[in-house]
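Below is query32.pdb, holding PDB, C-alpha atoms, pLDDT in the B column.
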```pdb
ATOM      1  CA  MET A 222     100.805 135.201 109.782  1.00 50.00           C
ATOM      2  CA  SER A 223      98.231 135.582 107.056  1.00 57.00           C
ATOM      3  CA  ASP A 224     100.773 136.413 104.366  1.00 65.00           C
ATOM      4  CA  LEU A 225     102.804 133.226 104.841  1.00 65.00           C
ATOM      5  CA  PRO A 226     103.122 131.523 101.474  1.00 66.00           C
ATOM      6  CA  VAL A 227     101.236 128.332 102.220  1.00 64.00           C
ATOM      7  CA  ARG A 228     100.474 126.145  99.270  1.00 64.00           C
ATOM      8  CA  LYS A 229      96.780 126.060  98.445  1.00 63.00           C
ATOM      9  CA  LYS A 230      95.087 122.688  98.644  1.00 61.00           C
ATOM     10  CA  HIS A 231      93.505 121.487  95.493  1.00 62.00           C
ATOM     11  CA  TYR A 232      91.933 118.080  95.299  1.00 60.00           C
ATOM     12  CA  LYS A 233      92.739 115.886  92.389  1.00 60.00           C
ATOM     13  CA  PRO A 234      91.321 112.436  91.740  1.00 60.00           C
ATOM     14  CA  TRP A 235      93.077 109.789  93.825  1.00 59.00           C
ATOM     15  CA  PHE A 236      94.432 107.983  90.822  1.00 61.00           C
ATOM     16  CA  ASN A 237      94.363 109.598  87.405  1.00 63.00           C
ATOM     17  CA  ILE A 238      97.032 107.931  85.353  1.00 63.00           C
ATOM     18  CA  ASP A 239      95.858 107.036  81.886  1.00 71.00           C
ATOM     19  CA  LEU A 240      98.481 104.633  80.595  1.00 73.00           C
ATOM     20  CA  ARG A 241      97.293 105.067  77.001  1.00 74.00           C
ATOM     21  CA  ASN A 242      98.415 108.706  76.880  1.00 78.00           C
ATOM     22  CA  LEU A 243     101.706 108.145  78.644  1.00 84.00           C
ATOM     23  CA  PRO A 244     104.889 108.416  76.541  1.00 88.00           C
ATOM     24  CA  LEU A 245     107.407 105.560  76.800  1.00 91.00           C
ATOM     25  CA  PRO A 246     109.605 107.211  79.494  1.00 91.00           C
ATOM     26  CA  GLY A 247     106.442 107.678  81.573  1.00 91.00           C
ATOM     27  CA  LEU A 248     105.623 103.984  81.210  1.00 93.00           C
ATOM     28  CA  VAL A 249     109.136 103.060  82.366  1.00 94.00           C
ATOM     29  CA  SER A 250     108.600 105.272  85.400  1.00 93.00           C
ATOM     30  CA  ILE A 251     105.195 103.869  86.385  1.00 93.00           C
ATOM     31  CA  PHE A 252     106.397 100.290  85.841  1.00 95.00           C
ATOM     32  CA  HIS A 253     109.410 101.104  88.003  1.00 96.00           C
ATOM     33  CA  ARG A 254     106.964 101.895  90.793  1.00 96.00           C
ATOM     34  CA  VAL A 255     104.684  98.937  90.150  1.00 96.00           C
ATOM     35  CA  SER A 256     107.602  96.486  90.004  1.00 97.00           C
ATOM     36  CA  GLY A 257     109.198  97.944  93.141  1.00 97.00           C
ATOM     37  CA  LEU A 258     105.940  97.698  95.059  1.00 97.00           C
ATOM     38  CA  PHE A 259     105.368  94.134  93.843  1.00 98.00           C
ATOM     39  CA  LEU A 260     108.869  93.123  94.981  1.00 98.00           C
ATOM     40  CA  PHE A 261     108.242  94.704  98.386  1.00 98.00           C
ATOM     41  CA  VAL A 262     104.923  92.886  98.809  1.00 98.00           C
ATOM     42  CA  MET A 263     106.487  89.548  97.827  1.00 98.00           C
ATOM     43  CA  LEU A 264     109.541  89.995 100.059  1.00 98.00           C
ATOM     44  CA  PHE A 265     107.941  87.912 102.810  1.00 98.00           C
ATOM     45  CA  TRP A 266     107.524  84.933 100.489  1.00 98.00           C
ATOM     46  CA  LEU A 267     111.068  85.269  99.112  1.00 98.00           C
ATOM     47  CA  LEU A 268     112.575  85.352 102.612  1.00 98.00           C
ATOM     48  CA  TRP A 269     110.443  82.363 103.567  1.00 98.00           C
ATOM     49  CA  LEU A 270     111.752  80.448 100.521  1.00 98.00           C
ATOM     50  CA  LEU A 271     115.368  81.290 101.459  1.00 97.00           C
ATOM     51  CA  ASP A 272     114.758  80.415 105.115  1.00 97.00           C
ATOM     52  CA  THR A 273     113.052  77.093 104.383  1.00 97.00           C
ATOM     53  CA  SER A 274     115.529  76.022 101.699  1.00 97.00           C
ATOM     54  CA  LEU A 275     118.501  76.628 104.007  1.00 96.00           C
ATOM     55  CA  ALA A 276     116.905  75.177 107.153  1.00 96.00           C
ATOM     56  CA  SER A 277     116.981  71.427 106.428  1.00 96.00           C
ATOM     57  CA  PRO A 278     117.135  68.874 103.603  1.00 97.00           C
ATOM     58  CA  ALA A 279     113.351  68.455 104.000  1.00 97.00           C
ATOM     59  CA  GLY A 280     112.862  72.214 103.674  1.00 97.00           C
ATOM     60  CA  PHE A 281     115.075  72.272 100.579  1.00 97.00           C
ATOM     61  CA  ALA A 282     112.978  69.505  99.018  1.00 97.00           C
ATOM     62  CA  LYS A 283     109.788  71.337  99.976  1.00 97.00           C
ATOM     63  CA  VAL A 284     110.945  74.551  98.266  1.00 97.00           C
ATOM     64  CA  LYS A 285     112.071  72.588  95.218  1.00 95.00           C
ATOM     65  CA  GLY A 286     108.700  70.864  95.015  1.00 96.00           C
ATOM     66  CA  LEU A 287     106.806  74.114  95.516  1.00 96.00           C
ATOM     67  CA  LEU A 288     108.761  75.896  92.788  1.00 95.00           C
ATOM     68  CA  GLY A 289     107.884  73.027  90.453  1.00 94.00           C
ATOM     69  CA  HIS A 290     104.210  73.997  90.594  1.00 94.00           C
ATOM     70  CA  TRP A 291     102.985  75.953  87.578  1.00 94.00           C
ATOM     71  CA  PHE A 292     101.463  78.742  89.656  1.00 95.00           C
ATOM     72  CA  ALA A 293     104.649  79.238  91.703  1.00 96.00           C
ATOM     73  CA  LYS A 294     106.567  79.372  88.436  1.00 95.00           C
ATOM     74  CA  LEU A 295     104.190  82.028  87.147  1.00 95.00           C
ATOM     75  CA  VAL A 296     104.685  84.123  90.300  1.00 96.00           C
ATOM     76  CA  MET A 297     108.455  83.587  90.042  1.00 96.00           C
ATOM     77  CA  LEU A 298     108.353  84.695  86.417  1.00 96.00           C
ATOM     78  CA  GLY A 299     106.520  87.865  87.482  1.00 97.00           C
ATOM     79  CA  LEU A 300     109.072  88.493  90.229  1.00 97.00           C
ATOM     80  CA  ILE A 301     112.002  87.983  87.874  1.00 97.00           C
ATOM     81  CA  TRP A 302     110.486  90.372  85.370  1.00 97.00           C
ATOM     82  CA  ALA A 303     109.832  92.895  88.157  1.00 98.00           C
ATOM     83  CA  TYR A 304     113.440  92.607  89.396  1.00 98.00           C
ATOM     84  CA  LEU A 305     114.921  92.921  85.918  1.00 97.00           C
ATOM     85  CA  HIS A 306     112.707  95.843  84.927  1.00 97.00           C
ATOM     86  CA  HIS A 307     113.429  97.606  88.227  1.00 97.00           C
ATOM     87  CA  PHE A 308     117.150  96.924  87.706  1.00 97.00           C
ATOM     88  CA  CYS A 309     117.285  98.210  84.107  1.00 97.00           C
ATOM     89  CA  ALA A 310     115.009 101.202  84.743  1.00 97.00           C
ATOM     90  CA  GLY A 311     117.025 101.979  87.881  1.00 96.00           C
ATOM     91  CA  ILE A 312     120.290 102.071  85.957  1.00 96.00           C
ATOM     92  CA  ARG A 313     118.638 104.383  83.430  1.00 96.00           C
ATOM     93  CA  PHE A 314     117.496 106.682  86.253  1.00 95.00           C
ATOM     94  CA  LEU A 315     121.000 106.691  87.748  1.00 95.00           C
ATOM     95  CA  LEU A 316     122.401 107.748  84.366  1.00 95.00           C
ATOM     96  CA  LEU A 317     119.713 110.444  84.040  1.00 95.00           C
ATOM     97  CA  ASP A 318     120.760 111.690  87.509  1.00 93.00           C
ATOM     98  CA  VAL A 319     124.269 112.342  86.206  1.00 93.00           C
ATOM     99  CA  HIS A 320     122.772 113.926  83.061  1.00 93.00           C
ATOM    100  CA  LYS A 321     123.513 111.055  80.707  1.00 93.00           C
ATOM    101  CA  GLY A 322     120.861 110.589  78.040  1.00 92.00           C
ATOM    102  CA  ILE A 323     118.528 113.412  79.078  1.00 91.00           C
ATOM    103  CA  GLU A 324     117.887 114.603  75.510  1.00 93.00           C
ATOM    104  CA  LEU A 325     114.340 113.585  74.546  1.00 91.00           C
ATOM    105  CA  PRO A 326     115.110 111.276  71.576  1.00 92.00           C
ATOM    106  CA  ILE A 327     117.780 109.444  73.591  1.00 93.00           C
ATOM    107  CA  ALA A 328     115.560 109.258  76.689  1.00 93.00           C
ATOM    108  CA  ARG A 329     112.800 107.727  74.537  1.00 93.00           C
ATOM    109  CA  ALA A 330     115.212 105.243  72.988  1.00 94.00           C
ATOM    110  CA  THR A 331     116.646 104.145  76.357  1.00 95.00           C
ATOM    111  CA  SER A 332     113.069 103.670  77.650  1.00 94.00           C
ATOM    112  CA  GLY A 333     112.472 101.216  74.838  1.00 95.00           C
ATOM    113  CA  TRP A 334     115.743  99.488  75.684  1.00 95.00           C
ATOM    114  CA  VAL A 335     114.706  99.129  79.339  1.00 96.00           C
ATOM    115  CA  PHE A 336     111.504  97.312  78.326  1.00 95.00           C
ATOM    116  CA  GLY A 337     113.228  95.251  75.648  1.00 96.00           C
ATOM    117  CA  VAL A 338     116.264  94.160  77.647  1.00 97.00           C
ATOM    118  CA  SER A 339     114.285  93.248  80.767  1.00 96.00           C
ATOM    119  CA  LEU A 340     111.714  91.251  78.768  1.00 96.00           C
ATOM    120  CA  VAL A 341     114.383  89.374  76.783  1.00 97.00           C
ATOM    121  CA  LEU A 342     116.329  88.565  79.969  1.00 96.00           C
ATOM    122  CA  THR A 343     113.098  87.393  81.643  1.00 96.00           C
ATOM    123  CA  ALA A 344     112.379  85.098  78.705  1.00 95.00           C
ATOM    124  CA  LEU A 345     115.957  83.818  78.792  1.00 94.00           C
ATOM    125  CA  PHE A 346     115.661  83.100  82.500  1.00 90.00           C
ATOM    126  CA  ALA A 347     112.309  81.355  82.056  1.00 89.00           C
ATOM    127  CA  TRP A 348     113.777  79.176  79.317  1.00 89.00           C
ATOM    128  CA  ARG A 349     117.018  78.241  81.120  1.00 84.00           C
ATOM    129  CA  VAL A 350     115.932  78.040  84.768  1.00 81.00           C
ATOM    130  CA  LEU A 351     112.172  77.858  85.295  1.00 76.00           C
ATOM    131  CA  TRP A 352     111.072  75.427  82.580  1.00 73.00           C
TER
ATOM    132  CA  MET B 264     108.644 141.793 107.440  1.00 65.00           C
ATOM    133  CA  VAL B 265     110.843 138.832 106.671  1.00 72.00           C
ATOM    134  CA  ASN B 266     109.300 136.700 103.976  1.00 75.00           C
ATOM    135  CA  ARG B 267     109.343 133.276 105.611  1.00 76.00           C
ATOM    136  CA  VAL B 268     109.109 130.352 103.274  1.00 77.00           C
ATOM    137  CA  ILE B 269     107.922 127.045 104.662  1.00 75.00           C
ATOM    138  CA  VAL B 270     110.527 124.380 104.051  1.00 76.00           C
ATOM    139  CA  GLY B 271     110.719 120.676 104.751  1.00 76.00           C
ATOM    140  CA  ALA B 272     112.598 118.675 107.346  1.00 75.00           C
ATOM    141  CA  HIS B 273     115.740 118.369 105.196  1.00 77.00           C
ATOM    142  CA  TYR B 274     115.798 114.574 105.093  1.00 82.00           C
ATOM    143  CA  GLY B 275     114.986 114.663 101.380  1.00 85.00           C
ATOM    144  CA  LEU B 276     118.532 114.878 100.009  1.00 87.00           C
ATOM    145  CA  ARG B 277     119.823 112.242 102.422  1.00 90.00           C
ATOM    146  CA  ASP B 278     117.083 109.784 101.401  1.00 91.00           C
ATOM    147  CA  TRP B 279     117.484 110.639  97.721  1.00 92.00           C
ATOM    148  CA  LEU B 280     121.204 109.888  97.922  1.00 94.00           C
ATOM    149  CA  ALA B 281     120.718 106.788 100.091  1.00 95.00           C
ATOM    150  CA  GLN B 282     118.234 105.370  97.588  1.00 95.00           C
ATOM    151  CA  ARG B 283     120.874 105.648  94.849  1.00 96.00           C
ATOM    152  CA  VAL B 284     123.800 104.362  96.906  1.00 97.00           C
ATOM    153  CA  THR B 285     121.779 101.347  98.073  1.00 97.00           C
ATOM    154  CA  ALA B 286     120.690 100.762  94.458  1.00 97.00           C
ATOM    155  CA  VAL B 287     124.323 100.567  93.343  1.00 97.00           C
ATOM    156  CA  VAL B 288     125.192  98.186  96.205  1.00 98.00           C
ATOM    157  CA  MET B 289     122.301  95.879  95.244  1.00 98.00           C
ATOM    158  CA  ALA B 290     123.090  96.072  91.522  1.00 98.00           C
ATOM    159  CA  VAL B 291     126.742  95.077  92.090  1.00 98.00           C
ATOM    160  CA  TYR B 292     125.682  92.237  94.413  1.00 98.00           C
ATOM    161  CA  THR B 293     123.138  91.016  91.852  1.00 97.00           C
ATOM    162  CA  LEU B 294     125.710  90.900  89.043  1.00 97.00           C
ATOM    163  CA  ILE B 295     128.246  89.038  91.225  1.00 97.00           C
ATOM    164  CA  VAL B 296     125.695  86.470  92.427  1.00 96.00           C
ATOM    165  CA  ILE B 297     124.344  85.858  88.911  1.00 94.00           C
ATOM    166  CA  ALA B 298     127.886  85.411  87.576  1.00 95.00           C
ATOM    167  CA  LEU B 299     128.703  82.922  90.353  1.00 95.00           C
ATOM    168  CA  LEU B 300     125.486  80.963  89.822  1.00 92.00           C
ATOM    169  CA  LEU B 301     126.011  80.851  86.057  1.00 90.00           C
ATOM    170  CA  ALA B 302     129.507  79.464  86.631  1.00 92.00           C
ATOM    171  CA  ASP B 303     128.596  76.851  89.248  1.00 90.00           C
ATOM    172  CA  ALA B 304     125.116  76.615  90.764  1.00 90.00           C
ATOM    173  CA  PRO B 305     124.603  74.333  93.782  1.00 93.00           C
ATOM    174  CA  THR B 306     122.006  71.657  93.035  1.00 91.00           C
ATOM    175  CA  ASP B 307     121.438  69.889  96.367  1.00 94.00           C
ATOM    176  CA  PHE B 308     120.885  70.928  99.987  1.00 96.00           C
ATOM    177  CA  ALA B 309     124.495  70.378 101.111  1.00 96.00           C
ATOM    178  CA  GLY B 310     125.843  72.437  98.245  1.00 96.00           C
ATOM    179  CA  TRP B 311     123.267  75.185  98.752  1.00 96.00           C
ATOM    180  CA  LYS B 312     124.063  75.408 102.474  1.00 95.00           C
ATOM    181  CA  ALA B 313     127.820  75.370 101.863  1.00 95.00           C
ATOM    182  CA  TRP B 314     127.391  78.111  99.261  1.00 95.00           C
ATOM    183  CA  PHE B 315     125.708  80.428 101.757  1.00 94.00           C
ATOM    184  CA  ALA B 316     128.212  79.457 104.481  1.00 93.00           C
ATOM    185  CA  GLN B 317     131.002  81.301 102.636  1.00 94.00           C
ATOM    186  CA  GLY B 318     131.996  84.167 104.910  1.00 93.00           C
ATOM    187  CA  TRP B 319     132.292  86.843 102.258  1.00 95.00           C
ATOM    188  CA  LEU B 320     128.952  85.883 100.691  1.00 95.00           C
ATOM    189  CA  ARG B 321     127.228  86.205 104.074  1.00 95.00           C
ATOM    190  CA  PHE B 322     128.859  89.604 104.465  1.00 95.00           C
ATOM    191  CA  ALA B 323     127.809  90.704 100.958  1.00 97.00           C
ATOM    192  CA  THR B 324     124.276  89.313 101.343  1.00 97.00           C
ATOM    193  CA  PHE B 325     123.934  91.144 104.647  1.00 96.00           C
ATOM    194  CA  LEU B 326     124.945  94.417 102.938  1.00 97.00           C
ATOM    195  CA  PHE B 327     122.404  93.638 100.210  1.00 98.00           C
ATOM    196  CA  ILE B 328     119.629  93.110 102.780  1.00 97.00           C
ATOM    197  CA  ILE B 329     120.461  96.304 104.702  1.00 97.00           C
ATOM    198  CA  SER B 330     120.485  98.227 101.410  1.00 98.00           C
ATOM    199  CA  LEU B 331     117.186  96.602 100.432  1.00 98.00           C
ATOM    200  CA  VAL B 332     115.537  97.631 103.706  1.00 98.00           C
ATOM    201  CA  TYR B 333     116.550 101.300 103.327  1.00 97.00           C
ATOM    202  CA  HIS B 334     115.847 101.332  99.565  1.00 98.00           C
ATOM    203  CA  ALA B 335     112.402  99.750  99.959  1.00 98.00           C
ATOM    204  CA  TRP B 336     111.536 102.156 102.768  1.00 97.00           C
ATOM    205  CA  VAL B 337     112.329 105.249 100.666  1.00 97.00           C
ATOM    206  CA  GLY B 338     110.528 103.824  97.630  1.00 97.00           C
ATOM    207  CA  VAL B 339     107.373 102.649  99.383  1.00 97.00           C
ATOM    208  CA  ARG B 340     107.233 105.875 101.420  1.00 96.00           C
ATOM    209  CA  ASP B 341     107.339 107.909  98.198  1.00 95.00           C
ATOM    210  CA  VAL B 342     104.525 105.817  96.720  1.00 95.00           C
ATOM    211  CA  LEU B 343     102.419 106.205  99.894  1.00 96.00           C
ATOM    212  CA  MET B 344     103.033 109.979  99.937  1.00 94.00           C
ATOM    213  CA  ASP B 345     101.854 110.221  96.337  1.00 92.00           C
ATOM    214  CA  TYR B 346      98.704 108.109  96.469  1.00 92.00           C
ATOM    215  CA  ILE B 347      97.455 107.927 100.070  1.00 93.00           C
ATOM    216  CA  LYS B 348      96.127 111.343 101.000  1.00 91.00           C
ATOM    217  CA  PRO B 349      94.387 110.830 104.396  1.00 94.00           C
ATOM    218  CA  VAL B 350      97.137 111.519 106.956  1.00 95.00           C
ATOM    219  CA  GLY B 351      96.022 108.866 109.454  1.00 96.00           C
ATOM    220  CA  THR B 352      95.854 106.049 106.911  1.00 96.00           C
ATOM    221  CA  ARG B 353      99.202 107.064 105.428  1.00 96.00           C
ATOM    222  CA  LEU B 354     100.889 107.171 108.824  1.00 97.00           C
ATOM    223  CA  LEU B 355      99.497 103.767 109.725  1.00 98.00           C
ATOM    224  CA  LEU B 356     100.712 102.249 106.444  1.00 97.00           C
ATOM    225  CA  GLN B 357     104.139 103.864 106.849  1.00 97.00           C
ATOM    226  CA  VAL B 358     104.484 102.459 110.353  1.00 98.00           C
ATOM    227  CA  LEU B 359     103.466  98.998 109.127  1.00 98.00           C
ATOM    228  CA  VAL B 360     106.047  99.189 106.303  1.00 98.00           C
ATOM    229  CA  ILE B 361     108.814 100.191 108.760  1.00 98.00           C
ATOM    230  CA  LEU B 362     107.877  97.388 111.168  1.00 98.00           C
ATOM    231  CA  ALA B 363     107.791  94.826 108.343  1.00 98.00           C
ATOM    232  CA  LEU B 364     111.150  95.927 106.911  1.00 98.00           C
ATOM    233  CA  VAL B 365     112.919  96.000 110.281  1.00 98.00           C
ATOM    234  CA  GLY B 366     111.519  92.540 111.009  1.00 98.00           C
ATOM    235  CA  TYR B 367     112.650  91.275 107.590  1.00 98.00           C
ATOM    236  CA  GLY B 368     116.158  92.614 108.317  1.00 97.00           C
ATOM    237  CA  GLY B 369     116.310  90.645 111.573  1.00 97.00           C
ATOM    238  CA  TRP B 370     114.883  87.563 109.885  1.00 97.00           C
ATOM    239  CA  ALA B 371     117.481  87.727 107.089  1.00 96.00           C
ATOM    240  CA  LEU B 372     120.267  88.127 109.658  1.00 95.00           C
ATOM    241  CA  GLN B 373     119.068  84.999 111.422  1.00 96.00           C
ATOM    242  CA  ILE B 374     118.830  83.026 108.144  1.00 96.00           C
ATOM    243  CA  LEU B 375     122.360  84.023 107.136  1.00 95.00           C
ATOM    244  CA  TRP B 376     124.184  83.279 110.389  1.00 93.00           C
ATOM    245  CA  ARG B 377     122.232  80.239 111.500  1.00 88.00           C
ATOM    246  CA  ALA B 378     124.800  77.464 111.842  1.00 65.00           C
TER
END
```
The structure given in the file should be rewritten as structure tokens.
Amino acid sequence: MSDLPVRKKHYKPWFNIDLRNLPLPGLVSIFHRVSGLFLFVMLFWLLWLLDTSLASPAGFAKVKGLLGHWFAKLVMLGLIWAYLHHFCAGIRFLLLDVHKGIELPIARATSGWVFGVSLVLTALFAWRVLW
Amino acid sequence: MVNRVIVGAHYGLRDWLAQRVTAVVMAVYTLIVIALLLADAPTDFAGWKAWFAQGWLRFATFLFIISLVYHAWVGVRDVLMDYIKPVGTRLLLQVLVILALVGYGGWALQILWRA
């Protein structure tokens, strides 16, 4: 039993990510996690919005009024950014899975594109729909 | 003596693949819905309700929700496994995430097929 190859436990700090030293692909990865987690946490609110808006004309008006509030708009803007970043980063990860763009210079460039495209689309959405 | 290597429970590949398949389902749904809304977005309650009453859209939205539940489970589980080390706390959080997601799935079903 004693010679079973069991991995040795070594304790690392709970959270030791220093964003300043992370290369761009690493930032895409950590933001993929942060945005995914944010979307999960806000899922209750999003389902409530869908439920209320489809329940009755009064509910529809309530949701419309609520989404007119500046703070709700800010949260919505955050959610839209999170969705778009998660979407773009996810497509990049899917391509990496099938070995497209795994060379370092290309992987760095596509990381920049993920940030750029999702931010531009968020701004576009804010301009056309939210405000 | 046979050199036994400790291995996992073999659900890793299935979840890895499921996370990607569900991602593709959600991505396709997202593009279709955005295209439809850009073309003709409902502006009042009657239009909004009629929009979601389309049979195929209910079907597609249901697939989206089911994909979301599985996708979110794999993703949040991975995050919990990486950052929450105490086994008891992690198990509790994982159970809460499963309960929430299953409940959300039922809730979405009810929203979609409510008359």
- Please, which residues of chain B lie no more than 7 Å from chain A when the count uses all atoms listed in the file, and can they be set out as a count of residues only? 8
Can you pull out every residue within 8 Å of range 282-291 of chain B, counting only C-alpha atoms, but drop anything in the same chain fewer than 3 positions away, and send it as a PDB file with C-alpha atoms, in the coordinates of the input?
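Listed below is the output, result.pdb:
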```
ATOM      1  CA  PHE A 308     117.150  96.924  87.706  1.00 97.00           C
ATOM      2  CA  GLY A 311     117.025 101.979  87.881  1.00 96.00           C
ATOM      3  CA  LEU A 315     121.000 106.691  87.748  1.00 95.00           C
TER       4      LEU A 315
ATOM      5  CA  ASP B 278     117.083 109.784 101.401  1.00 91.00           C
ATOM      6  CA  TRP B 279     117.484 110.639  97.721  1.00 92.00           C
ATOM      7  CA  LEU B 294     125.710  90.900  89.043  1.00 97.00           C
ATOM      8  CA  ILE B 295     128.246  89.038  91.225  1.00 97.00           C
ATOM      9  CA  LEU B 326     124.945  94.417 102.938  1.00 97.00           C
ATOM     10  CA  PHE B 327     122.404  93.638 100.210  1.00 98.00           C
ATOM     11  CA  SER B 330     120.485  98.227 101.410  1.00 98.00           C
ATOM     12  CA  LEU B 331     117.186  96.602 100.432  1.00 98.00           C
ATOM     13  CA  TYR B 333     116.550 101.300 103.327  1.00 97.00           C
ATOM     14  CA  HIS B 334     115.847 101.332  99.565  1.00 98.00           C
ATOM     15  CA  VAL B 337     112.329 105.249 100.666  1.00 97.00           C
ATOM     16  CA  GLY B 338     110.528 103.824  97.630  1.00 97.00           C
TER      17      GLY B 338
END
```
- Would you mind telling me which residue in A:Leu316, A:Leu245, A:Leu351, A:Leu240 lies nearest to Trp334 in chain A when using all atoms listed in the file?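 Checking each of A:Leu316, A:Leu245, A:Leu351, A:Leu240 against Trp334 in chain A, counting all atoms listed in the file, the winner is A:Leu245.
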- Message: From the options B:Leu299, B:Arg321, B:Tyr367, B:Arg340, which residue's atoms come nearest to Leu354 in chain B, counting all atoms listed in the file?
- Response: B:Arg340
- Run through the PyMOL selection byres ((chain A and resi 343) around 8) on the given coordinates and return the selected residues as JSON, numbers by chain. {"A": [298, 301, 302, 305, 339, 340, 341, 342, 344, 345, 346, 347]}
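Our summary of the geometry notes that CA of Arg277 in chain B is positioned 25.2 Å from CA of Leu372 in chain B.
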- Task: Identify all residues satisfying the PyMOL selection byres ((chain A and resi 332) around 8) in the given file; provide them as number ranges by chain.
- Result: A: 245-246, 249, 310, 328-331, 333-336
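Coordinates place CA of Asp341 in chain B at a distance of 12.0 Å from CA of Leu356 in chain B.
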